[in-house]
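**Student:** File name structure16.pdb; file contents PDB, C-alpha atoms and all ligand atoms; full text below.
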ATOM      1  CA  MET A   1       0.000   0.000   0.000
ATOM      2  CA  ILE A   2       1.483   3.309  -1.143
ATOM      3  CA  THR A   3       0.593   6.549   0.623
ATOM      4  CA  ILE A   4       1.308  10.019  -0.691
ATOM      5  CA  LYS A   5       1.947  12.803   1.821
ATOM      6  CA  GLN A   6       2.697  16.483   1.457
ATOM      7  CA  ALA A   7       6.360  17.101   2.379
ATOM      8  CA  GLN A   8       7.382  19.486   5.179
ATOM      9  CA  ILE A   9      10.588  21.475   5.648
ATOM     10  CA  GLU A  10      11.502  18.938   8.386
ATOM     11  CA  ASP A  11      11.828  16.360   5.571
ATOM     12  CA  LEU A  12      14.746  18.273   4.000
ATOM     13  CA  LYS A  13      17.567  15.809   4.849
ATOM     14  CA  LYS A  14      15.446  12.796   3.846
ATOM     15  CA  VAL A  15      14.590  14.474   0.527
ATOM     16  CA  GLN A  16      18.259  15.204  -0.243
ATOM     17  CA  LYS A  17      19.215  11.554   0.360
ATOM     18  CA  LEU A  18      16.176  10.300  -1.558
ATOM     19  CA  ASN A  19      17.025  12.466  -4.564
ATOM     20  CA  HIS A  20      20.573  11.120  -4.477
ATOM     21  CA  ARG A  21      19.281   7.528  -4.643
ATOM     22  CA  ILE A  22      16.941   8.358  -7.517
ATOM     23  CA  MET A  23      18.821  10.712  -9.845
ATOM     24  CA  PHE A  24      22.177   8.870 -10.015
ATOM     25  CA  ARG A  25      21.628   8.028 -13.714
ATOM     26  CA  ASN A  26      21.641  11.711 -14.660
ATOM     27  CA  LYS A  27      25.417  11.519 -15.160
ATOM     28  CA  GLU A  28      24.702   9.341 -18.195
ATOM     29  CA  PHE A  29      22.449  12.060 -19.596
ATOM     30  CA  ASP A  30      24.322  15.279 -18.739
ATOM     31  CA  PRO A  31      28.101  15.685 -19.166
ATOM     32  CA  ASP A  32      28.052  18.857 -17.052
ATOM     33  CA  ILE A  33      26.261  17.548 -13.960
ATOM     34  CA  ASP A  34      27.663  17.625 -10.407
ATOM     35  CA  ILE A  35      26.142  14.336  -9.316
ATOM     36  CA  ASN A  36      26.773  15.055  -5.601
ATOM     37  CA  PHE A  37      25.139  18.500  -5.709
ATOM     38  CA  ASP A  38      22.027  17.298  -3.855
ATOM     39  CA  LEU A  39      24.052  16.390  -0.734
ATOM     40  CA  THR A  40      25.865  19.765  -0.510
ATOM     41  CA  GLU A  41      24.878  23.033   1.240
ATOM     42  CA  LYS A  42      23.774  24.410  -2.112
ATOM     43  CA  GLY A  43      21.704  21.277  -2.663
ATOM     44  CA  ALA A  44      20.060  21.805   0.742
ATOM     45  CA  ASP A  45      19.231  25.413  -0.239
ATOM     46  CA  PHE A  46      17.799  24.226  -3.553
ATOM     47  CA  PHE A  47      15.436  21.756  -1.844
ATOM     48  CA  LYS A  48      14.565  24.264   0.933
ATOM     49  CA  VAL A  49      13.225  26.599  -1.759
ATOM     50  CA  ALA A  50      11.196  23.773  -3.335
ATOM     51  CA  LEU A  51       9.805  22.608   0.029
ATOM     52  CA  THR A  52       8.651  26.092   1.024
ATOM     53  CA  ASN A  53       7.555  27.504  -2.350
ATOM     54  CA  PRO A  54       4.151  29.191  -1.858
ATOM     55  CA  ASP A  55       3.378  28.694  -5.568
ATOM     56  CA  GLY A  56       4.274  25.021  -5.547
ATOM     57  CA  CYS A  57       3.766  21.634  -3.956
ATOM     58  CA  PHE A  58       5.992  18.755  -2.849
ATOM     59  CA  PHE A  59       4.763  15.211  -2.322
ATOM     60  CA  LEU A  60       6.426  12.130  -0.849
ATOM     61  CA  ALA A  61       5.485   8.504  -1.555
ATOM     62  CA  TYR A  62       5.759   5.965   1.279
ATOM     63  CA  HIS A  63       5.512   2.189   1.273
ATOM     64  CA  LYS A  64       4.581   1.584   4.927
ATOM     65  CA  ASP A  65       7.243   3.733   6.691
ATOM     66  CA  LYS A  66       9.740   3.618   3.834
ATOM     67  CA  LEU A  67      10.219   6.698   1.685
ATOM     68  CA  VAL A  68      10.228   5.443  -1.926
ATOM     69  CA  GLY A  69       9.638   8.462  -4.172
ATOM     70  CA  TYR A  70       8.831  12.125  -4.530
ATOM     71  CA  ALA A  71       7.479  14.710  -6.924
ATOM     72  CA  ASN A  72       7.398  18.483  -6.821
ATOM     73  CA  GLY A  73       6.372  21.333  -9.052
ATOM     74  CA  SER A  74       5.460  24.981  -9.128
ATOM     75  CA  LYS A  75       4.202  27.911 -11.165
ATOM     76  CA  LYS A  76       6.139  28.370 -14.403
ATOM     77  CA  GLU A  77       6.688  31.775 -15.971
ATOM     78  CA  VAL A  78       6.465  31.444 -19.752
ATOM     79  CA  TYR A  79       6.770  33.754 -22.729
ATOM     80  CA  ILE A  80       4.321  36.620 -22.602
ATOM     81  CA  PHE A  81       2.738  35.570 -25.892
ATOM     82  CA  ARG A  82       1.532  32.243 -24.445
ATOM     83  CA  LYS A  83      -1.998  32.263 -23.057
ATOM     84  CA  LYS A  84      -2.400  29.481 -20.497
ATOM     85  CA  LYS A  85      -1.451  29.233 -16.794
ATOM     86  CA  TYR A  86       1.552  26.936 -16.646
ATOM     87  CA  PHE A  87       2.553  24.509 -13.928
ATOM     88  CA  GLU A  88       6.020  22.954 -14.098
ATOM     89  CA  VAL A  89       6.650  19.367 -13.013
ATOM     90  CA  GLU A  90      10.147  20.002 -11.624
ATOM     91  CA  ASN A  91      11.190  16.602 -10.340
ATOM     92  CA  ILE A  92       9.640  13.181 -10.113
ATOM     93  CA  GLY A  93      11.327   9.946  -9.135
ATOM     94  CA  VAL A  94      11.059   6.573  -7.507
ATOM     95  CA  ILE A  95      13.904   4.557  -5.938
ATOM     96  CA  PRO A  96      15.133   1.801  -8.296
ATOM     97  CA  GLU A  97      13.633  -1.211  -6.475
ATOM     98  CA  TYR A  98      10.161   0.401  -6.487
ATOM     99  CA  LYS A  99      10.055   1.433 -10.139
ATOM    100  CA  GLY A 100       7.438  -0.032 -12.458
ATOM    101  CA  LYS A 101       4.783  -0.412  -9.737
ATOM    102  CA  GLY A 102       2.627   2.603 -10.550
ATOM    103  CA  ILE A 103       4.173   4.921  -7.934
ATOM    104  CA  GLY A 104       5.412   7.474 -10.483
ATOM    105  CA  THR A 105       1.917   7.556 -11.948
ATOM    106  CA  LYS A 106       0.390   8.104  -8.507
ATOM    107  CA  LEU A 107       2.829  10.941  -7.772
ATOM    108  CA  LEU A 108       2.268  12.622 -11.136
ATOM    109  CA  LYS A 109      -1.525  12.458 -10.765
ATOM    110  CA  THR A 110      -1.338  13.911  -7.249
ATOM    111  CA  LEU A 111       0.872  16.752  -8.510
ATOM    112  CA  LEU A 112      -1.350  17.586 -11.487
ATOM    113  CA  ASN A 113      -4.545  17.391  -9.420
ATOM    114  CA  TRP A 114      -3.020  19.854  -6.967
ATOM    115  CA  ALA A 115      -2.110  22.156  -9.876
ATOM    116  CA  LYS A 116      -5.616  21.962 -11.377
ATOM    117  CA  ARG A 117      -7.176  22.838  -8.012
ATOM    118  CA  LYS A 118      -4.905  25.922  -7.913
ATOM    119  CA  GLY A 119      -6.157  27.078 -11.320
ATOM    120  CA  PHE A 120      -3.298  25.938 -13.573
ATOM    121  CA  ASN A 121      -4.475  24.647 -16.944
ATOM    122  CA  ARG A 122      -1.293  23.511 -18.696
ATOM    123  CA  ALA A 123       1.601  21.374 -17.421
ATOM    124  CA  TYR A 124       5.204  21.784 -18.559
ATOM    125  CA  LEU A 125       8.330  19.784 -17.898
ATOM    126  CA  ASN A 126      11.738  19.262 -19.350
ATOM    127  CA  CYS A 127      13.544  15.980 -19.526
ATOM    128  CA  TYR A 128      16.980  14.840 -20.659
ATOM    129  CA  ILE A 129      16.672  13.628 -24.231
ATOM    130  CA  LYS A 130      18.671  10.487 -23.326
ATOM    131  CA  ASN A 131      16.353   9.591 -20.419
ATOM    132  CA  LYS A 132      14.265   7.183 -22.470
ATOM    133  CA  GLU A 133      12.305   5.603 -19.588
ATOM    134  CA  ALA A 134      11.162   9.021 -18.350
ATOM    135  CA  LEU A 135      10.205  10.061 -21.895
ATOM    136  CA  VAL A 136       8.086   6.900 -22.299
ATOM    137  CA  PHE A 137       6.508   7.555 -18.872
ATOM    138  CA  TYR A 138       5.622  11.163 -19.757
ATOM    139  CA  LYS A 139       4.308  10.203 -23.195
ATOM    140  CA  LYS A 140       2.087   7.588 -21.572
ATOM    141  CA  HIS A 141       0.701  10.419 -19.433
ATOM    142  CA  GLY A 142      -0.112  12.602 -22.419
ATOM    143  CA  PHE A 143       2.906  14.930 -22.578
ATOM    144  CA  GLU A 144       4.102  15.867 -26.047
ATOM    145  CA  LYS A 145       7.416  17.308 -27.232
ATOM    146  CA  ILE A 146       7.089  21.026 -27.914
ATOM    147  CA  ASP A 147      10.652  22.265 -28.264
ATOM    148  CA  VAL A 148      14.247  21.196 -28.007
ATOM    149  CA  SER A 149      17.184  22.822 -26.170
ATOM    150  CA  LEU A 150      20.625  22.864 -27.738
ATOM    151  CA  GLU A 151      23.983  23.442 -26.011
ATOM    152  CA  LYS A 152      27.699  23.620 -26.774
ATOM    153  CA  ASP A 153      30.839  24.683 -24.958
ATOM    154  CA  ILE A 154      32.139  28.111 -25.948
TER     155      ILE A 154
HETATM  156  C1  LIG B 201      10.191   7.980 -14.658
HETATM  157  C2  LIG B 201       9.770   7.336 -13.337
HETATM  158  C3  LIG B 201       9.427   8.414 -12.313
HETATM  159  C4  LIG B 201       8.540   6.448 -13.589
HETATM  160  O1  LIG B 201       8.068   5.957 -12.327
HETATM  161  P1  LIG B 201       7.494   4.491 -12.152
HETATM  162  O2  LIG B 201       6.862   4.400 -10.826
HETATM  163  O3  LIG B 201       8.564   3.509 -12.464
HETATM  164  O4  LIG B 201       6.389   4.464 -13.324
HETATM  165  P2  LIG B 201       5.007   3.683 -13.369
HETATM  166  O5  LIG B 201       5.177   2.329 -12.745
HETATM  167  O6  LIG B 201       3.929   4.553 -12.828
HETATM  168  O7  LIG B 201       4.854   3.504 -14.958
HETATM  169  C5  LIG B 201       3.839   4.093 -15.725
HETATM  170  C6  LIG B 201       4.109   3.860 -17.183
HETATM  171  O8  LIG B 201       5.311   4.520 -17.598
HETATM  172  C7  LIG B 201       6.001   3.720 -18.583
HETATM  173  N1  LIG B 201       7.310   3.319 -18.036
HETATM  174  C8  LIG B 201       7.766   3.519 -16.789
HETATM  175  N2  LIG B 201       9.025   3.031 -16.661
HETATM  176  C9  LIG B 201       9.362   2.528 -17.867
HETATM  177  C10 LIG B 201      10.531   1.884 -18.389
HETATM  178  N3  LIG B 201      11.611   1.661 -17.632
HETATM  179  N4  LIG B 201      10.529   1.494 -19.684
HETATM  180  C11 LIG B 201       9.440   1.688 -20.458
HETATM  181  N5  LIG B 201       8.287   2.287 -20.018
HETATM  182  C12 LIG B 201       8.270   2.697 -18.753
HETATM  183  C13 LIG B 201       5.147   2.528 -18.862
HETATM  184  O9  LIG B 201       4.319   2.858 -19.967
HETATM  185  C14 LIG B 201       4.301   2.405 -17.584
HETATM  186  O10 LIG B 201       3.055   1.849 -17.819
HETATM  187  P3  LIG B 201       2.843   0.254 -17.744
HETATM  188  O11 LIG B 201       3.351  -0.173 -16.391
HETATM  189  O12 LIG B 201       1.362   0.123 -17.900
HETATM  190  O13 LIG B 201       3.638  -0.316 -18.864
HETATM  191  C15 LIG B 201      10.903   6.389 -12.806
HETATM  192  O14 LIG B 201      11.354   5.577 -13.864
HETATM  193  C16 LIG B 201      12.085   7.092 -12.191
HETATM  194  O15 LIG B 201      12.078   7.422 -11.005
HETATM  195  N6  LIG B 201      13.152   7.335 -12.985
HETATM  196  C17 LIG B 201      14.374   7.952 -12.436
HETATM  197  C18 LIG B 201      14.185   9.418 -12.148
HETATM  198  C19 LIG B 201      13.861  10.176 -13.408
HETATM  199  O16 LIG B 201      14.510  10.017 -14.428
HETATM  200  N7  LIG B 201      12.861  11.018 -13.308
HETATM  201  C20 LIG B 201      12.415  11.858 -14.389
HETATM  202  C21 LIG B 201      13.171  13.134 -14.397
HETATM  203  S1  LIG B 201      12.796  14.103 -15.856
END
Rewrite the coordinates I just gave you, this time as structure tokens.
Ligand SMILES: CC(C)(COP(=O)(O)OP(=O)(O)OC[C@H]1O[C@@H](n2cnc3c(N)ncnc32)[C@H](O)[C@@H]1OP(=O)(O)O)[C@@H](O)C(=O)NCCC(=O)NCCS
**Tutor:**
Amino acid sequence: MITIKQAQIEDLKKVQKLNHRIMFRNKEFDPDIDINFDLTEKGADFFKVALTNPDGCFFLAYHKDKLVGYANGSKKEVYIFRKKKYFEVENIGVIPEYKGKGIGTKLLKTLLNWAKRKGFNRAYLNCYIKNKEALVFYKKHGFEKIDVSLEKDI
């Protein structure tokens, strides 16, 4: 039985460690990533902002007493010429041994229901182009590619 709870600032340390267990594959997707960022002071500040954002929400997934996943998101400022009210799915993840059991789906639905209740009517997210499992997951949930970011060293 999976329960979803709203995270509190007291959960900060747990969230940092959880993120570290979930996002380890990002080094395969991003040559510029500091993979230990989440455990640093700056990482703590980053998650403090997310946990206390008045325009956002942060949910934790538990299996009994075990923390197994999280998702958070917040208001997204977009180009002035776009018409809808955008909500950004900032992070979503499940620890490896609990993947493929519907927990990501439960977290995403909770996040988007929260956003709808707050008056948002379009969801946005970005995802590493090499993160195939996440892209399949998002596609399954109705997200479509809208643009592409390009980078190079200068
Ligand atoms: C993406 C992620 C959150 C999905 O969570 P999950 O709990 O494993 O997903 P669910 O069990 O709810 O899967 C829902 C659907 O997504 C798709 N999916 C999920 N994982 C998949 C995989 N590894 N390969 C192919 N399809 C996959 C399937 O269509 C699945 O539906 P099905 O079970 O009916 O086939 C999870 O893989 C994860 O934590 N990844 C690491 C962190 C990450 O990359 N997050 C995204 C950052 S942009």
**Student:** Taking only C-alpha atoms and all ligand atoms into account, which residues are within 8 Å of ligand LIG 201 (chain B), as a CSV table (one decimal) with C-alpha atoms, in the coordinates of the input?
**Tutor:**
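Contents of the output file pocket24.csv:
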chain,number,residue,atom,x,y,z
A,22,ILE,CA,16.9,8.4,-7.5
A,23,MET,CA,18.8,10.7,-9.8
A,25,ARG,CA,21.6,8.0,-13.7
A,26,ASN,CA,21.6,11.7,-14.7
A,69,GLY,CA,9.6,8.5,-4.2
A,90,GLU,CA,10.1,20.0,-11.6
A,91,ASN,CA,11.2,16.6,-10.3
A,92,ILE,CA,9.6,13.2,-10.1
A,93,GLY,CA,11.3,9.9,-9.1
A,94,VAL,CA,11.1,6.6,-7.5
A,95,ILE,CA,13.9,4.6,-5.9
A,96,PRO,CA,15.1,1.8,-8.3
A,98,TYR,CA,10.2,0.4,-6.5
A,99,LYS,CA,10.1,1.4,-10.1
A,100,GLY,CA,7.4,0.0,-12.5
A,101,LYS,CA,4.8,-0.4,-9.7
A,102,GLY,CA,2.6,2.6,-10.6
A,103,ILE,CA,4.2,4.9,-7.9
A,104,GLY,CA,5.4,7.5,-10.5
A,105,THR,CA,1.9,7.6,-11.9
A,106,LYS,CA,0.4,8.1,-8.5
A,125,LEU,CA,8.3,19.8,-17.9
A,126,ASN,CA,11.7,19.3,-19.4
A,127,CYS,CA,13.5,16.0,-19.5
A,128,TYR,CA,17.0,14.8,-20.7
A,131,ASN,CA,16.4,9.6,-20.4
A,132,LYS,CA,14.3,7.2,-22.5
A,133,GLU,CA,12.3,5.6,-19.6
A,134,ALA,CA,11.2,9.0,-18.4
A,135,LEU,CA,10.2,10.1,-21.9
A,136,VAL,CA,8.1,6.9,-22.3
A,137,PHE,CA,6.5,7.6,-18.9
A,138,TYR,CA,5.6,11.2,-19.8
A,140,LYS,CA,2.1,7.6,-21.6
A,141,HIS,CA,0.7,10.4,-19.4
**Student:** For the provided coordinates, the residues matched by the PyMOL selection byres (((chain A and resi 7) around 9) and not hetatm) should be stated as a PyMOL selection string.
**Tutor:** chain A and resi 5-6+8-12+15+51+57-60+70
**Student:** Between CA of Phe46 (chain A) and CA of Gln16 (chain A), what is the distance, to one decimal in Å?
**Tutor:**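 Going from CA of Phe46 (chain A) over to CA of Gln16 (chain A), I get 9.6 Å.
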**Student:** Please, what distance in Å, to one decimal, runs between CA of Phe120 (chain A) and CA of Leu150 (chain A)?
**Tutor:**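 CA of Phe120 (chain A) sits 28.0 Å away from CA of Leu150 (chain A).
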**Student:** Mind pulling up the distance from CA of Ile2 (chain A) to CA of Lys66 (chain A)?
**Tutor:**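 Result for CA of Lys66 (chain A) versus CA of Ile2 (chain A): 9.6 Å, one decimal.
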**Student:** Find the residue from A:Asn53, A:Thr40, A:Asn121, A:Asn19 that sits nearest to Ala71 (chain A); use only C-alpha atoms when measuring.
**Tutor:**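 Residue with the minimum atom-to-atom distance to Ala71 (chain A): A:Asn19.
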**Student:** Apply the PyMOL selection byres (((chain A and resi 37) around 12) and not hetatm) to the file shown and report the selected residues as a compact mmCIF listing (two decimals) with C-alpha atoms, keeping the file's coordinate frame.
**Tutor:**
# COMPACT_ATOMS: atom_id res chain seq x y z
CA GLN A 16 18.26 15.20 -0.24
CA LYS A 17 19.22 11.55 0.36
CA ASN A 19 17.02 12.47 -4.56
CA HIS A 20 20.57 11.12 -4.48
CA MET A 23 18.82 10.71 -9.85
CA PHE A 24 22.18 8.87 -10.02
CA ASN A 26 21.64 11.71 -14.66
CA LYS A 27 25.42 11.52 -15.16
CA ASP A 32 28.05 18.86 -17.05
CA ILE A 33 26.26 17.55 -13.96
CA ASP A 34 27.66 17.62 -10.41
CA ILE A 35 26.14 14.34 -9.32
CA ASN A 36 26.77 15.06 -5.60
CA ASP A 38 22.03 17.30 -3.86
CA LEU A 39 24.05 16.39 -0.73
CA THR A 40 25.86 19.76 -0.51
CA GLU A 41 24.88 23.03 1.24
CA LYS A 42 23.77 24.41 -2.11
CA GLY A 43 21.70 21.28 -2.66
CA ALA A 44 20.06 21.80 0.74
CA ASP A 45 19.23 25.41 -0.24
CA PHE A 46 17.80 24.23 -3.55
CA PHE A 47 15.44 21.76 -1.84
**Student:** Tell me which protein, DNA and RNA residues are within 10 Å of Lys118 (chain A), counting only C-alpha atoms, leaving out same-chain ones fewer than 6 positions away, and put them as a PyMOL selection string.
**Tutor:** chain A and resi 55-56+75+87+112
**Student:** Hey, can you spit out that residue selection with C-alpha atoms as a short mmCIF file (atom, residue, chain, number, x, y, z; two decimals), keeping the file's coordinate frame?
**Tutor:**
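Output file out39.cif follows:
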data_model
loop_
_atom_site.label_atom_id
_atom_site.label_comp_id
_atom_site.auth_asym_id
_atom_site.auth_seq_id
_atom_site.Cartn_x
_atom_site.Cartn_y
_atom_site.Cartn_z
CA ASP A 55 3.38 28.69 -5.57
CA GLY A 56 4.27 25.02 -5.55
CA LYS A 75 4.20 27.91 -11.16
CA PHE A 87 2.55 24.51 -13.93
CA LEU A 112 -1.35 17.59 -11.49
#
**Student:** Once the PyMOL selection byres (((chain A and resi 76) around 9) and not hetatm) has been applied to the shown file, what residues remain in the selection, as a PyMOL selection string?
**Tutor:** chain A and resi 73-75+77-78+85-88+123-124
**Student:** Please reconstruct the missing atoms of region 96-123 of chain A (target: N, CA and C atoms) and return them as a PDB file, in the coordinates of the input.
**Tutor:**
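Result went into selection-v4.pdb, see below:
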ATOM      1  N   PRO A  96      15.080   2.845  -7.267  1.00  0.00           N
ATOM      2  CA  PRO A  96      15.133   1.801  -8.296  1.00  0.00           C
ATOM      3  C   PRO A  96      14.286   0.566  -7.997  1.00  0.00           C
ATOM      4  N   GLU A  97      14.333   0.059  -6.756  1.00  0.00           N
ATOM      5  CA  GLU A  97      13.633  -1.211  -6.475  1.00  0.00           C
ATOM      6  C   GLU A  97      12.116  -1.075  -6.424  1.00  0.00           C
ATOM      7  N   TYR A  98      11.619   0.179  -6.498  1.00  0.00           N
ATOM      8  CA  TYR A  98      10.161   0.401  -6.487  1.00  0.00           C
ATOM      9  C   TYR A  98       9.627   0.922  -7.825  1.00  0.00           C
ATOM     10  N   LYS A  99      10.511   0.969  -8.818  1.00  0.00           N
ATOM     11  CA  LYS A  99      10.055   1.433 -10.139  1.00  0.00           C
ATOM     12  C   LYS A  99       9.137   0.409 -10.789  1.00  0.00           C
ATOM     13  N   GLY A 100       8.290   0.878 -11.698  1.00  0.00           N
ATOM     14  CA  GLY A 100       7.438  -0.032 -12.458  1.00  0.00           C
ATOM     15  C   GLY A 100       6.256  -0.581 -11.683  1.00  0.00           C
ATOM     16  N   LYS A 101       5.908   0.063 -10.561  1.00  0.00           N
ATOM     17  CA  LYS A 101       4.783  -0.412  -9.737  1.00  0.00           C
ATOM     18  C   LYS A 101       3.652   0.615  -9.671  1.00  0.00           C
ATOM     19  N   GLY A 102       3.708   1.616 -10.537  1.00  0.00           N
ATOM     20  CA  GLY A 102       2.627   2.603 -10.550  1.00  0.00           C
ATOM     21  C   GLY A 102       2.818   3.781  -9.602  1.00  0.00           C
ATOM     22  N   ILE A 103       3.974   3.841  -8.929  1.00  0.00           N
ATOM     23  CA  ILE A 103       4.173   4.921  -7.934  1.00  0.00           C
ATOM     24  C   ILE A 103       4.416   6.264  -8.622  1.00  0.00           C
ATOM     25  N   GLY A 104       5.201   6.240  -9.720  1.00  0.00           N
ATOM     26  CA  GLY A 104       5.412   7.474 -10.483  1.00  0.00           C
ATOM     27  C   GLY A 104       4.091   8.034 -10.979  1.00  0.00           C
ATOM     28  N   THR A 105       3.240   7.144 -11.458  1.00  0.00           N
ATOM     29  CA  THR A 105       1.917   7.556 -11.948  1.00  0.00           C
ATOM     30  C   THR A 105       1.107   8.208 -10.822  1.00  0.00           C
ATOM     31  N   LYS A 106       1.145   7.586  -9.658  1.00  0.00           N
ATOM     32  CA  LYS A 106       0.390   8.104  -8.507  1.00  0.00           C
ATOM     33  C   LYS A 106       0.910   9.506  -8.120  1.00  0.00           C
ATOM     34  N   LEU A 107       2.231   9.648  -8.119  1.00  0.00           N
ATOM     35  CA  LEU A 107       2.829  10.941  -7.772  1.00  0.00           C
ATOM     36  C   LEU A 107       2.462  12.019  -8.798  1.00  0.00           C
ATOM     37  N   LEU A 108       2.561  11.647 -10.083  1.00  0.00           N
ATOM     38  CA  LEU A 108       2.268  12.622 -11.136  1.00  0.00           C
ATOM     39  C   LEU A 108       0.799  13.062 -11.069  1.00  0.00           C
ATOM     40  N   LYS A 109      -0.102  12.110 -10.851  1.00  0.00           N
ATOM     41  CA  LYS A 109      -1.525  12.458 -10.765  1.00  0.00           C
ATOM     42  C   LYS A 109      -1.796  13.369  -9.574  1.00  0.00           C
ATOM     43  N   THR A 110      -1.153  13.082  -8.448  1.00  0.00           N
ATOM     44  CA  THR A 110      -1.338  13.911  -7.249  1.00  0.00           C
ATOM     45  C   THR A 110      -0.874  15.343  -7.528  1.00  0.00           C
ATOM     46  N   LEU A 111       0.297  15.443  -8.187  1.00  0.00           N
ATOM     47  CA  LEU A 111       0.872  16.752  -8.510  1.00  0.00           C
ATOM     48  C   LEU A 111      -0.062  17.547  -9.438  1.00  0.00           C
ATOM     49  N   LEU A 112      -0.526  16.873 -10.497  1.00  0.00           N
ATOM     50  CA  LEU A 112      -1.350  17.586 -11.487  1.00  0.00           C
ATOM     51  C   LEU A 112      -2.737  17.914 -10.932  1.00  0.00           C
ATOM     52  N   ASN A 113      -3.265  17.063 -10.063  1.00  0.00           N
ATOM     53  CA  ASN A 113      -4.545  17.391  -9.420  1.00  0.00           C
ATOM     54  C   ASN A 113      -4.399  18.615  -8.522  1.00  0.00           C
ATOM     55  N   TRP A 114      -3.290  18.680  -7.804  1.00  0.00           N
ATOM     56  CA  TRP A 114      -3.020  19.854  -6.967  1.00  0.00           C
ATOM     57  C   TRP A 114      -2.985  21.100  -7.851  1.00  0.00           C
ATOM     58  N   ALA A 115      -2.262  21.000  -8.980  1.00  0.00           N
ATOM     59  CA  ALA A 115      -2.110  22.156  -9.876  1.00  0.00           C
ATOM     60  C   ALA A 115      -3.465  22.598 -10.436  1.00  0.00           C
ATOM     61  N   LYS A 116      -4.294  21.619 -10.822  1.00  0.00           N
ATOM     62  CA  LYS A 116      -5.616  21.962 -11.377  1.00  0.00           C
ATOM     63  C   LYS A 116      -6.448  22.686 -10.334  1.00  0.00           C
ATOM     64  N   ARG A 117      -6.403  22.186  -9.093  1.00  0.00           N
ATOM     65  CA  ARG A 117      -7.176  22.838  -8.012  1.00  0.00           C
ATOM     66  C   ARG A 117      -6.732  24.277  -7.804  1.00  0.00           C
ATOM     67  N   LYS A 118      -5.439  24.564  -8.086  1.00  0.00           N
ATOM     68  CA  LYS A 118      -4.905  25.922  -7.913  1.00  0.00           C
ATOM     69  C   LYS A 118      -5.150  26.797  -9.145  1.00  0.00           C
ATOM     70  N   GLY A 119      -5.803  26.253 -10.165  1.00  0.00           N
ATOM     71  CA  GLY A 119      -6.157  27.078 -11.320  1.00  0.00           C
ATOM     72  C   GLY A 119      -5.213  26.986 -12.501  1.00  0.00           C
ATOM     73  N   PHE A 120      -4.188  26.118 -12.416  1.00  0.00           N
ATOM     74  CA  PHE A 120      -3.298  25.938 -13.573  1.00  0.00           C
ATOM     75  C   PHE A 120      -4.035  25.106 -14.623  1.00  0.00           C
ATOM     76  N   ASN A 121      -3.791  25.422 -15.908  1.00  0.00           N
ATOM     77  CA  ASN A 121      -4.475  24.647 -16.944  1.00  0.00           C
ATOM     78  C   ASN A 121      -3.540  24.104 -18.024  1.00  0.00           C
ATOM     79  N   ARG A 122      -2.224  24.198 -17.786  1.00  0.00           N
ATOM     80  CA  ARG A 122      -1.293  23.511 -18.696  1.00  0.00           C
ATOM     81  C   ARG A 122      -0.046  23.120 -17.901  1.00  0.00           C
ATOM     82  N   ALA A 123       0.412  21.865 -18.138  1.00  0.00           N
ATOM     83  CA  ALA A 123       1.601  21.374 -17.421  1.00  0.00           C
ATOM     84  C   ALA A 123       2.797  21.354 -18.358  1.00  0.00           C
TER      85      ALA A 123
END
